[in-house]
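Source file: run_8.csv (CSV, C-alpha atoms)
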```csv
chain,number,residue,atom,x,y,z
A,136,MET,CA,5.4,8.1,19.4
A,137,ARG,CA,6.7,4.8,18.3
A,138,LEU,CA,4.2,4.8,15.5
A,139,LEU,CA,6.2,7.6,13.9
A,140,ALA,CA,9.4,5.9,14.7
A,141,ALA,CA,8.2,2.7,13.0
A,142,SER,CA,7.1,4.6,9.9
A,143,ILE,CA,10.5,6.3,9.6
A,144,SER,CA,12.3,3.0,10.0
A,145,LEU,CA,10.2,1.6,7.2
A,146,ILE,CA,11.6,4.2,4.9
A,147,ALA,CA,15.1,3.2,5.9
A,148,LEU,CA,14.2,-0.4,5.2
A,149,ALA,CA,12.9,0.5,1.8
A,150,LEU,CA,16.2,2.1,1.0
A,151,THR,CA,18.1,-1.1,1.7
A,152,SER,CA,15.6,-3.6,0.2
A,153,ALA,CA,15.3,-4.9,-3.3
A,154,CYS,CA,11.9,-6.5,-3.4
A,155,ALA,CA,10.1,-8.2,-6.3
A,156,ARG,CA,7.2,-6.2,-7.5
A,157,ALA,CA,4.0,-6.7,-9.6
A,158,ARG,CA,2.1,-4.6,-12.2
A,159,VAL,CA,-1.5,-5.9,-12.7
A,160,THR,CA,-3.4,-4.6,-15.7
A,161,THR,CA,-7.1,-5.2,-16.4
A,162,THR,CA,-8.1,-4.3,-20.0
A,163,ILE,CA,-11.8,-4.1,-20.5
A,164,LYS,CA,-13.0,-4.7,-24.1
A,165,PRO,CA,-16.2,-3.2,-25.6
A,166,ASP,CA,-18.2,-6.4,-25.1
A,167,GLY,CA,-17.2,-6.6,-21.5
A,168,SER,CA,-14.7,-9.4,-21.8
A,169,TRP,CA,-11.4,-8.5,-20.1
A,170,THR,CA,-7.8,-9.4,-20.3
A,171,ARG,CA,-5.8,-9.8,-17.1
A,172,THR,CA,-2.0,-9.2,-17.4
A,173,LEU,CA,0.4,-9.7,-14.5
A,174,ALA,CA,4.0,-8.5,-15.0
A,175,PHE,CA,6.2,-9.7,-12.1
A,176,THR,CA,9.7,-8.1,-11.9
A,177,GLY,CA,12.5,-9.3,-9.7
A,178,GLN,CA,16.2,-10.1,-9.5
A,179,GLU,CA,17.6,-13.3,-10.7
A,180,LYS,CA,18.7,-15.9,-8.2
A,181,LYS,CA,22.5,-15.6,-7.9
A,182,GLU,CA,25.1,-16.6,-5.4
A,183,GLY,CA,25.5,-13.9,-2.8
A,184,ASN,CA,22.3,-12.1,-3.7
A,185,MET,CA,19.8,-12.5,-0.9
A,186,ALA,CA,17.0,-10.3,-2.4
A,187,PRO,CA,13.7,-12.2,-2.7
A,188,THR,CA,13.1,-13.5,-6.2
A,189,ILE,CA,9.7,-13.4,-8.0
A,190,GLU,CA,9.0,-17.0,-6.9
A,191,ASP,CA,10.1,-16.2,-3.3
A,192,THR,CA,7.5,-13.3,-3.2
A,193,PHE,CA,4.5,-14.4,-5.4
A,194,VAL,CA,2.5,-17.6,-6.1
A,195,ILE,CA,2.7,-17.7,-9.9
A,196,PRO,CA,-0.7,-18.4,-11.5
A,197,SER,CA,-1.0,-21.6,-13.5
A,198,GLY,CA,-3.6,-23.7,-15.2
A,199,PRO,CA,-5.9,-23.4,-18.2
A,200,GLY,CA,-6.1,-20.0,-19.9
A,201,TRP,CA,-2.8,-18.6,-18.7
A,202,LYS,CA,-0.1,-17.7,-21.2
A,203,SER,CA,3.4,-16.8,-20.0
A,204,THR,CA,6.4,-15.1,-21.4
A,205,GLU,CA,9.8,-14.1,-19.9
A,206,SER,CA,12.2,-11.3,-20.6
A,207,LYS,CA,15.0,-9.3,-19.1
A,208,LYS,CA,15.1,-5.6,-18.2
A,209,SER,CA,18.5,-4.4,-17.2
A,210,GLU,CA,19.5,-6.7,-14.4
A,211,ASP,CA,15.9,-7.7,-13.6
A,212,ARG,CA,13.9,-10.7,-14.8
A,213,VAL,CA,10.3,-10.0,-16.0
A,214,LEU,CA,7.7,-12.8,-16.0
A,215,THR,CA,4.4,-11.8,-17.7
A,216,LEU,CA,1.2,-13.9,-17.5
A,217,GLU,CA,-2.0,-13.1,-19.4
A,218,ARG,CA,-5.5,-14.5,-19.5
A,219,THR,CA,-8.8,-13.4,-21.1
A,220,LEU,CA,-12.1,-13.8,-19.3
A,221,ALA,CA,-15.8,-13.2,-20.1
A,222,ALA,CA,-17.9,-10.4,-18.7
A,223,GLY,CA,-19.1,-11.3,-15.3
A,224,ALA,CA,-16.3,-13.8,-14.6
A,225,LYS,CA,-14.6,-13.8,-11.3
A,226,LEU,CA,-10.9,-14.4,-10.8
A,227,GLN,CA,-9.5,-15.4,-7.4
A,228,SER,CA,-5.9,-15.3,-6.0
A,229,ASP,CA,-4.1,-14.6,-9.3
A,230,LEU,CA,-2.1,-12.2,-7.1
A,231,SER,CA,-1.0,-14.0,-4.0
A,232,LEU,CA,1.9,-12.9,-1.8
A,233,LYS,CA,3.9,-15.5,0.1
A,234,ALA,CA,4.6,-15.1,3.9
A,235,GLY,CA,7.8,-16.2,5.5
A,236,GLU,CA,6.5,-19.5,6.6
A,237,GLU,CA,6.2,-22.3,4.1
A,238,GLY,CA,2.7,-22.7,2.6
A,239,LYS,CA,1.4,-19.5,4.2
A,240,LEU,CA,0.2,-16.3,2.4
A,241,ASN,CA,0.3,-12.6,3.3
A,242,LEU,CA,-2.1,-11.4,0.7
A,243,ILE,CA,-4.7,-12.7,-1.8
A,244,ASN,CA,-7.1,-11.0,-4.2
A,245,GLU,CA,-10.5,-11.3,-5.9
A,246,VAL,CA,-11.4,-9.4,-9.1
A,247,THR,CA,-14.5,-9.2,-11.2
A,248,VAL,CA,-15.8,-7.2,-14.2
A,249,THR,CA,-19.6,-7.0,-14.3
A,250,ARG,CA,-22.0,-5.4,-16.7
A,251,LEU,CA,-24.1,-2.5,-15.3
A,252,ALA,CA,-25.6,-1.4,-18.6
A,253,PRO,CA,-25.2,-2.3,-22.3
A,254,ARG,CA,-21.9,-0.4,-22.5
A,255,ARG,CA,-21.1,0.3,-18.8
A,256,PHE,CA,-19.0,-2.1,-16.7
A,257,GLU,CA,-17.7,-2.1,-13.2
A,258,TYR,CA,-14.2,-3.3,-12.2
A,259,ARG,CA,-13.9,-4.4,-8.6
A,260,GLU,CA,-10.8,-5.8,-7.0
A,261,THR,CA,-10.5,-6.7,-3.3
A,262,LEU,CA,-7.2,-7.3,-1.6
A,263,LYS,CA,-7.4,-9.4,1.5
A,264,TRP,CA,-4.7,-9.7,4.1
A,265,LYS,CA,-3.9,-13.2,5.4
A,266,GLY,CA,-0.7,-12.4,7.3
A,267,ASP,CA,0.0,-11.3,10.8
A,268,PRO,CA,-1.6,-8.0,11.9
A,269,PRO,CA,0.7,-5.0,11.7
A,270,LYS,CA,2.8,-4.6,14.8
A,271,MET,CA,2.1,-0.9,15.2
A,272,MET,CA,-1.6,-1.8,15.7
A,273,GLY,CA,-0.9,-3.9,18.8
A,274,ASN,CA,-1.3,-2.9,22.4
A,275,VAL,CA,-0.1,0.6,23.1
A,276,LYS,CA,2.9,0.5,25.5
A,277,PRO,CA,3.0,2.5,28.7
A,278,GLU,CA,5.9,4.6,27.4
A,279,ASP,CA,3.9,5.5,24.3
A,280,LEU,CA,0.9,6.6,26.5
A,281,ALA,CA,3.3,8.7,28.5
A,282,GLU,CA,4.7,10.5,25.4
A,283,ILE,CA,1.2,11.2,24.1
A,284,LYS,CA,-0.1,12.4,27.5
A,285,ALA,CA,2.9,14.7,27.9
A,286,ALA,CA,1.9,16.4,24.6
A,287,LEU,CA,-1.8,16.8,25.4
A,288,PRO,CA,-3.2,19.7,27.4
A,289,LYS,CA,-3.5,18.6,31.1
A,290,PRO,CA,-7.3,18.4,31.2
A,291,LEU,CA,-7.2,15.9,28.3
A,292,ALA,CA,-4.1,13.9,29.3
A,293,THR,CA,-5.8,10.7,30.3
A,294,ASP,CA,-4.8,7.1,29.5
A,295,ALA,CA,-8.1,6.6,27.6
A,296,ASN,CA,-7.6,9.7,25.5
A,297,ALA,CA,-3.9,8.8,24.7
A,298,ARG,CA,-4.8,5.2,23.8
A,299,ALA,CA,-7.7,6.3,21.5
A,300,LEU,CA,-5.4,8.9,19.8
A,301,ALA,CA,-2.7,6.3,19.2
A,302,THR,CA,-5.3,3.9,17.5
A,303,LYS,CA,-6.8,6.7,15.4
A,304,THR,CA,-3.4,7.9,14.3
A,305,ALA,CA,-2.4,4.4,13.2
A,306,GLU,CA,-5.5,4.0,11.1
A,307,LEU,CA,-5.0,7.3,9.4
A,308,ILE,CA,-1.2,6.9,8.9
A,309,PHE,CA,-1.4,3.6,7.0
A,310,PRO,CA,-2.7,5.1,3.7
A,311,VAL,CA,0.0,7.8,4.0
A,312,MET,CA,2.7,5.2,4.3
A,313,PHE,CA,1.5,2.4,2.0
A,314,GLY,CA,-1.0,3.9,-0.4
A,315,PRO,CA,-3.1,3.7,-2.5
A,316,GLY,CA,-2.5,7.2,-3.8
A,317,ASP,CA,1.0,8.5,-3.3
A,318,PRO,CA,2.7,6.2,-0.8
A,319,LEU,CA,5.3,7.9,1.2
A,320,LEU,CA,7.6,4.9,1.1
A,321,ALA,CA,8.0,5.3,-2.6
A,322,VAL,CA,9.5,8.7,-2.0
A,323,GLY,CA,11.9,7.2,0.5
A,324,LEU,CA,13.3,4.9,-2.1
A,325,LEU,CA,14.8,7.7,-4.1
A,326,HIS,CA,15.0,10.8,-1.9
A,327,PRO,CA,15.2,10.2,1.8
A,328,ASP,CA,15.5,14.0,2.7
A,329,LEU,CA,12.3,14.7,0.8
A,330,ALA,CA,10.7,11.7,2.5
A,331,GLU,CA,11.4,13.1,5.9
A,332,ARG,CA,9.9,16.5,4.8
A,333,ARG,CA,6.9,14.8,3.4
A,334,MET,CA,6.6,12.7,6.6
A,335,MET,CA,6.4,15.9,8.7
A,336,GLN,CA,4.0,17.5,6.3
A,337,ARG,CA,1.6,14.6,5.8
A,338,VAL,CA,1.8,13.0,9.2
A,339,GLY,CA,1.1,16.5,10.6
A,340,ALA,CA,-2.1,16.6,8.7
A,341,VAL,CA,-3.0,13.1,9.8
A,342,LEU,CA,-2.4,14.0,13.5
A,343,MET,CA,-4.4,17.3,13.2
A,344,LYS,CA,-7.3,15.3,11.8
A,345,ALA,CA,-7.1,12.7,14.5
A,346,LEU,CA,-7.1,15.4,17.2
A,347,GLU,CA,-10.1,17.1,15.6
A,348,GLU,CA,-12.1,13.9,15.3
A,349,GLN,CA,-11.3,12.9,18.9
A,350,PHE,CA,-11.6,16.2,20.8
A,351,GLY,CA,-13.6,18.5,18.6
A,352,ASP,CA,-14.2,21.9,20.3
A,353,LYS,CA,-12.4,20.7,23.5
A,354,MET,CA,-9.1,21.6,21.8
A,355,GLN,CA,-8.5,24.8,19.8
A,356,VAL,CA,-6.6,24.8,16.5
A,357,SER,CA,-3.6,26.4,18.1
A,358,GLU,CA,-3.5,23.7,20.8
A,359,ARG,CA,-3.8,20.9,18.1
A,360,ARG,CA,-0.8,22.4,16.3
A,361,GLU,CA,1.3,22.5,19.5
A,362,VAL,CA,0.4,18.8,20.3
A,363,VAL,CA,1.3,17.7,16.8
A,364,ARG,CA,4.6,19.6,16.9
A,365,LYS,CA,5.5,17.9,20.1
A,366,LEU,CA,4.5,14.4,18.9
A,367,ILE,CA,6.4,14.7,15.7
A,368,ALA,CA,9.5,16.0,17.4
A,369,THR,CA,9.3,13.1,19.9
A,370,GLY,CA,8.8,10.6,17.1
A,371,PHE,CA,11.7,11.8,15.0
A,372,SER,CA,14.1,12.1,18.0
A,373,SER,CA,13.5,8.4,18.9
A,374,SER,CA,13.5,7.0,15.4
A,375,LYS,CA,16.9,7.7,13.9
A,376,PRO,CA,17.7,4.3,12.3
A,377,SER,CA,21.3,3.3,12.1
A,378,GLN,CA,22.5,2.7,8.6
A,379,PRO,CA,23.3,-0.9,7.8
A,380,ASP,CA,26.9,-2.0,7.3
A,381,PRO,CA,27.4,-2.8,3.6
A,382,ALA,CA,30.0,-5.4,4.6
A,383,ASN,CA,27.2,-7.5,6.2
A,384,GLY,CA,25.3,-7.8,3.0
A,385,PRO,CA,21.5,-7.3,2.6
A,386,PRO,CA,19.5,-7.4,5.8
A,387,ALA,CA,18.1,-10.7,6.8
A,388,SER,CA,14.4,-11.2,6.4
A,389,LYS,CA,11.9,-13.9,7.3
A,390,GLY,CA,10.0,-13.3,4.1
A,391,PRO,CA,9.0,-10.7,1.5
A,392,ALA,CA,8.1,-7.3,2.8
A,393,LEU,CA,7.2,-3.9,1.4
A,394,THR,CA,6.2,-5.4,-1.9
A,395,PRO,CA,5.3,-2.7,-4.4
A,396,LEU,CA,2.1,-3.2,-6.4
A,397,MET,CA,0.6,-1.3,-9.2
A,398,PHE,CA,-3.0,-1.9,-10.5
A,399,VAL,CA,-4.1,-0.5,-13.8
A,400,VAL,CA,-7.5,-0.5,-15.6
A,401,LYS,CA,-7.6,0.2,-19.3
A,402,SER,CA,-10.6,0.5,-21.6
A,403,PRO,CA,-11.5,1.9,-25.1
A,404,GLY,CA,-13.9,4.4,-23.6
A,405,ARG,CA,-14.1,6.7,-20.6
A,406,ILE,CA,-13.7,6.4,-16.9
A,407,VAL,CA,-17.1,7.2,-15.3
A,408,SER,CA,-16.0,7.0,-11.7
A,409,SER,CA,-13.2,5.4,-9.7
A,410,ASN,CA,-11.5,5.5,-6.3
A,411,GLY,CA,-8.1,5.4,-8.1
A,412,GLU,CA,-6.1,8.0,-9.9
A,413,VAL,CA,-7.0,8.8,-13.5
A,414,ASP,CA,-4.2,9.5,-16.1
A,415,ASP,CA,-5.8,12.0,-18.4
A,416,LEU,CA,-3.2,11.4,-21.1
A,417,THR,CA,-3.8,7.6,-21.4
A,418,GLY,CA,-7.3,7.5,-20.1
A,419,GLU,CA,-6.3,4.8,-17.6
A,420,VAL,CA,-6.9,4.6,-13.9
A,421,TYR,CA,-4.3,3.2,-11.5
A,422,TRP,CA,-3.6,2.5,-7.9
A,423,ALA,CA,0.0,2.5,-6.6
A,424,LEU,CA,0.5,0.8,-3.2
A,425,PHE,CA,2.6,-1.5,-1.1
A,426,SER,CA,1.1,-4.8,0.0
A,427,ASP,CA,0.8,-3.8,3.6
A,428,ALA,CA,-1.9,-1.3,2.6
A,429,ALA,CA,-4.4,-4.1,3.0
A,430,SER,CA,-3.1,-5.2,6.4
A,431,LEU,CA,-5.7,-3.2,8.5
A,432,LYS,CA,-8.8,-4.1,6.5
A,433,ASP,CA,-9.8,-5.3,3.0
A,434,LEU,CA,-8.8,-2.9,0.4
A,435,VAL,CA,-11.3,-2.4,-2.5
A,436,LEU,CA,-10.3,-0.9,-5.8
A,437,THR,CA,-13.2,0.1,-8.1
A,438,ALA,CA,-13.7,1.7,-11.4
A,439,ILE,CA,-16.8,2.1,-13.7
A,440,VAL,CA,-16.0,2.5,-17.4
A,441,GLU,CA,-18.2,3.2,-20.4
A,442,THR,CA,-16.9,1.5,-23.5
A,443,GLU,CA,-17.1,2.8,-27.1
A,444,GLY,CA,-19.7,1.5,-29.5
A,445,LYS,CA,-23.4,1.6,-30.1
```

Would you put the structure from the file into structure tokens?
Amino acid sequence: MRLLAASISLIALALTSACARARVTTTIKPDGSWTRTLAFTGQEKKEGNMAPTIEDTFVIPSGPGWKSTESKKSEDRVLTLERTLAAGAKLQSDLSLKAGEEGKLNLINEVTVTRLAPRRFEYRETLKWKGDPPKMMGNVKPEDLAEIKAALPKPLATDANARALATKTAELIFPVMFGPGDPLLAVGLLHPDLAERRMMQRVGAVLMKALEEQFGDKMQVSERREVVRKLIATGFSSSKPSQPDPANGPPASKGPALTPLMFVVKSPGRIVSSNGEVDDLTGEVYWALFSDAASLKDLVLTAIVETEGK
């Protein structure tokens, strides 16, 4: 399946890309006011360095209330912006990712902290995709249908079943690749062999789930496993990306891609509930993802916190 081929190629791209990134921290205070801190990190603009800078990747917030500082970390430049807002306030597009074309955006956001009870507050952040839809969600090509049908048991090997399975797999595989949670692309940055193993393990689980949801009792567990084995073998055999020639410099790009994002919520109290990951040591909740995680549908991050006090 070309979906698997595209996913593996993205890992290869991550290995050769040096993208700017952002860490977004929302600190909720006992009275419900909140401080928003955006730390943008990227390489400095130098001759011969084609990696996107902070300004190439993000629209930098400006205007009343924002304070900015700048520092260096190794070879990277770090631009930090901070602003404090009252409980119930809404902040829009403080995190905006640029697209390749001038004046266009790939991603915008909206964040609020609202009071639910005297000491209980809800953080809600929505990431909205404004760029082009992901290519792997386009029309399924005839050769893709043929590969899927070849893996399915003959009684189920119809064009309609193959097309539905391709769409369902794409929907399930996006969180695996881009997050939130533990995005597979992050593993690919440091350990490509482990990334391939994780790809087989996690994509296998995704495909098993897709087959179960689509066919139910029409396909036995052993048959599902065999179909998954065939699809993964086909995907990997057709996806071996060629390594770029270092002499040619960084790969050309029409705009920022695979932008790493980290969202963190801090509060002097406890996390009541969240759809993120809770760090028991710090008491913080966080979401690690790549910008493309929001390209299928709006991505909503939520956390309910109970602050200290009487």

* Structure fact -> Of A:Gly339, A:Lys344, A:Pro199, A:Thr160, the one nearest to Arg364 (chain A) when counting all atoms listed in the file is A:Gly339

* Quick one: pull the distance between CA of Ser426 (chain A) and CA of Leu393 (chain A), Å, one decimal. =>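 Between CA of Ser426 (chain A) and CA of Leu393 (chain A) the gap is 6.3 Å.
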
* Once you count only C-alpha atoms, which residues end up no further than 9 Å from (-17.6, -5.9, -18.6) in the file's frame, shown as an MDAnalysis selection string? -> chainID A and resid 163:169 221:224 247:251 254:258 440 442

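Going from CA of Ser228 (chain A) over to CA of Leu431 (chain A), you cover 18.9 Å.
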
* Which one is closest to Val435 (chain A): A:Met335, A:Leu291, A:Leu262, A:Ala297? Count all atoms listed in the file. -> A:Leu262

* Write out as a list in words which residues come within 9 Å of region 208-212 of chain A when counting all atoms listed in the file, dropping same-chain ones fewer than 5 positions away. =>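 The residues that qualify are Phe175, Thr176, Gly177, Gln178, Glu179 and Ile189 of chain A.
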
* **Separation of CA of Met343 (chain A) from CA of Val362 (chain A), in Å and rounded to one decimal** => 8.7 Å

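Among A:Ala186, A:Ala155, A:Leu216, A:Leu396, the residue with the shortest atom-to-atom distance to Gly316 (chain A), counting all atoms listed in the file, is A:Leu396.
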
* **Nearest residue to Gly266 (chain A) from the set A:Ala285, A:Val341, A:Leu232, A:Met312 (distances using all atoms listed in the file)** => A:Leu232

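Using all atoms listed in the file, the nearest neighbour of Thr170 (chain A) within the list A:Ser408, A:Thr204, A:Ser197, A:Thr219 is A:Thr219.
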
* Asked: From the set A:Thr394, A:Thr369, A:Ser203, A:Ser357, which residue has the shortest atom-to-atom contact distance to Phe425 (chain A), counting only C-alpha atoms?
  ->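 When distances to Phe425 (chain A) are compared using only C-alpha atoms, the smallest one comes from A:Thr394.
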
* To do: Up to 6 Å from (-6.2, 17.1, 24.4) in the file's coordinates: name the residues, counting all atoms listed in the file, as a PyMOL selection string.
  => chain A and resi 287-288+291+354
